[in-house]
Amino acid sequence: MKLQTLSDLDQRTSAYRAAVKLRDEMVDDAGGIDTLSAVKIKLIESVATMTAVIDHYHSLILAGDPQAVPIGELATLTNTRNRTAAMVGLGKSVKTLDLKTYMAETYGDAR
């Protein structure tokens, strides 16, 4: 059995694109990739992937095919996703600005 990652998947699918978009938005909300630990990055990827699966189940329900959805699995997955998201943090992080860096980036390096 070969283990796959998000990068191994067909990147043209809407589920893949939605998961990657959410992952990237969550990374930005958390302050950017450079501010995150490896574990936090994996937690974010998990939340994004679980959300794609949850969205798939919701689309089946809304399309009128609720029998195709394992409700117990959906509930468990939703609870797991919510707990994992809470570990990542649900709000945007606040960036601390350094005045010298801000001035250099905004007005150029005044040496």
# chains A, B, ... in the order shown; residues from 1 in each chain; ligands from 1

$ residues_around --residues "Val53 of chain A" --least-positions-apart "2" --cutoff "12 Å" --atoms "only C-alpha atoms" --output "ChimeraX atom specification"
/A:14-16,18-19,46-51,55-60,69-70,73-78,81

$ write_last_selection --atoms "N, CA, C and O atoms" --output "compact mmCIF listing (two decimals), in the first residue's frame"
# COMPACT_ATOMS: atom_id res chain seq x y z
N SER A 14 -12.60 19.46 -7.69
CA SER A 14 -13.10 20.57 -6.88
C SER A 14 -12.83 20.32 -5.40
O SER A 14 -12.56 21.26 -4.65
N ALA A 15 -12.87 19.07 -4.96
CA ALA A 15 -12.60 18.75 -3.56
C ALA A 15 -11.16 19.09 -3.20
O ALA A 15 -10.88 19.67 -2.15
N TYR A 16 -10.23 18.75 -4.08
CA TYR A 16 -8.82 19.07 -3.85
C TYR A 16 -8.63 20.58 -3.77
O TYR A 16 -8.01 21.10 -2.85
N ALA A 18 -10.78 22.89 -3.10
CA ALA A 18 -11.42 23.45 -1.91
C ALA A 18 -10.57 23.20 -0.66
O ALA A 18 -10.41 24.09 0.18
N ALA A 19 -10.03 21.99 -0.54
CA ALA A 19 -9.19 21.66 0.62
C ALA A 19 -7.93 22.52 0.63
O ALA A 19 -7.54 23.05 1.68
N SER A 46 -5.25 18.63 8.12
CA SER A 46 -6.31 17.69 8.53
C SER A 46 -7.67 18.37 8.55
O SER A 46 -8.65 17.80 8.08
N VAL A 47 -7.72 19.58 9.10
CA VAL A 47 -8.99 20.32 9.14
C VAL A 47 -9.49 20.56 7.72
O VAL A 47 -10.68 20.37 7.43
N ALA A 48 -8.61 20.96 6.83
CA ALA A 48 -9.01 21.23 5.44
C ALA A 48 -9.52 19.97 4.75
O ALA A 48 -10.54 20.00 4.04
N THR A 49 -8.85 18.85 4.98
CA THR A 49 -9.27 17.59 4.35
C THR A 49 -10.61 17.12 4.92
O THR A 49 -11.49 16.71 4.16
N MET A 50 -10.73 17.16 6.24
CA MET A 50 -12.00 16.74 6.85
C MET A 50 -13.15 17.63 6.38
O MET A 50 -14.26 17.14 6.14
N THR A 51 -12.88 18.91 6.22
CA THR A 51 -13.92 19.83 5.75
C THR A 51 -14.37 19.46 4.34
O THR A 51 -15.56 19.52 4.02
N ASP A 55 -18.14 18.54 3.47
CA ASP A 55 -18.85 19.25 2.40
C ASP A 55 -19.44 18.28 1.38
O ASP A 55 -20.54 18.48 0.88
N HIS A 56 -18.69 17.22 1.07
CA HIS A 56 -19.20 16.19 0.15
C HIS A 56 -20.46 15.55 0.71
O HIS A 56 -21.47 15.40 0.00
N TYR A 57 -20.42 15.17 1.97
CA TYR A 57 -21.60 14.57 2.60
C TYR A 57 -22.78 15.55 2.60
O TYR A 57 -23.92 15.16 2.32
N HIS A 58 -22.52 16.80 2.90
CA HIS A 58 -23.59 17.80 2.90
C HIS A 58 -24.19 17.95 1.51
O HIS A 58 -25.42 18.09 1.37
N SER A 59 -23.35 17.91 0.47
CA SER A 59 -23.88 18.04 -0.89
C SER A 59 -24.77 16.86 -1.24
O SER A 59 -25.78 17.03 -1.95
N LEU A 60 -24.43 15.67 -0.77
CA LEU A 60 -25.29 14.50 -1.02
C LEU A 60 -26.64 14.66 -0.34
O LEU A 60 -27.69 14.35 -0.94
N VAL A 69 -25.34 8.94 2.87
CA VAL A 69 -24.47 9.54 3.88
C VAL A 69 -24.54 8.75 5.18
O VAL A 69 -25.61 8.60 5.75
N PRO A 70 -23.40 8.24 5.64
CA PRO A 70 -23.37 7.60 6.95
C PRO A 70 -23.43 8.67 8.04
O PRO A 70 -22.42 9.32 8.35
N GLU A 73 -20.97 8.62 10.88
CA GLU A 73 -19.62 9.00 10.43
C GLU A 73 -19.54 10.51 10.22
O GLU A 73 -18.53 11.13 10.58
N LEU A 74 -20.58 11.09 9.65
CA LEU A 74 -20.61 12.53 9.44
C LEU A 74 -20.52 13.27 10.78
O LEU A 74 -19.75 14.22 10.92
N ALA A 75 -21.30 12.81 11.76
CA ALA A 75 -21.28 13.46 13.08
C ALA A 75 -19.91 13.32 13.74
O ALA A 75 -19.37 14.30 14.29
N THR A 76 -19.33 12.14 13.69
CA THR A 76 -18.00 11.92 14.28
C THR A 76 -16.95 12.77 13.58
O THR A 76 -16.11 13.40 14.23
N LEU A 77 -16.99 12.78 12.26
CA LEU A 77 -16.03 13.56 11.49
C LEU A 77 -16.17 15.05 11.78
O LEU A 77 -15.16 15.76 11.94
N THR A 78 -17.40 15.53 11.88
CA THR A 78 -17.63 16.94 12.18
C THR A 78 -17.10 17.30 13.55
O THR A 78 -16.42 18.33 13.72
N ARG A 81 -13.28 17.26 13.40
CA ARG A 81 -12.81 18.46 12.69
C ARG A 81 -12.89 19.69 13.59
O ARG A 81 -11.96 20.48 13.66

$ select_by_dssp --residues "chain A" --states "alpha helix (DSSP H)" --output "ChimeraX atom specification"
/A:14-29,38-62,71-88,99-107

$ closest_atom_pairs --of "segment 18-66 of chain A" --to "segment 88-102 of chain A" --cutoff "6 Å" --atoms "only C-alpha atoms" --output "JSON lines"
{"residue": "A:Asp29", "atom": "CA", "partner": "A:Lys92", "partner_atom": "CA", "distance": 4.4}
{"residue": "A:Ala30", "atom": "CA", "partner": "A:Ser93", "partner_atom": "CA", "distance": 5.2}
{"residue": "A:Gly31", "atom": "CA", "partner": "A:Ser93", "partner_atom": "CA", "distance": 5.6}

$ atom_distance --atom1 "atom CA of Ala68 of chain A" --atom2 "atom CA of Ala52 of chain A"
16.3 Å

$ residues_around --residues "Arg17 of chain A" --least-positions-apart "4" --cutoff "12 Å" --atoms "only C-alpha atoms" --output "PyMOL selection string"
chain A and resi 6-7+9-13+21-24+48-49+51-52
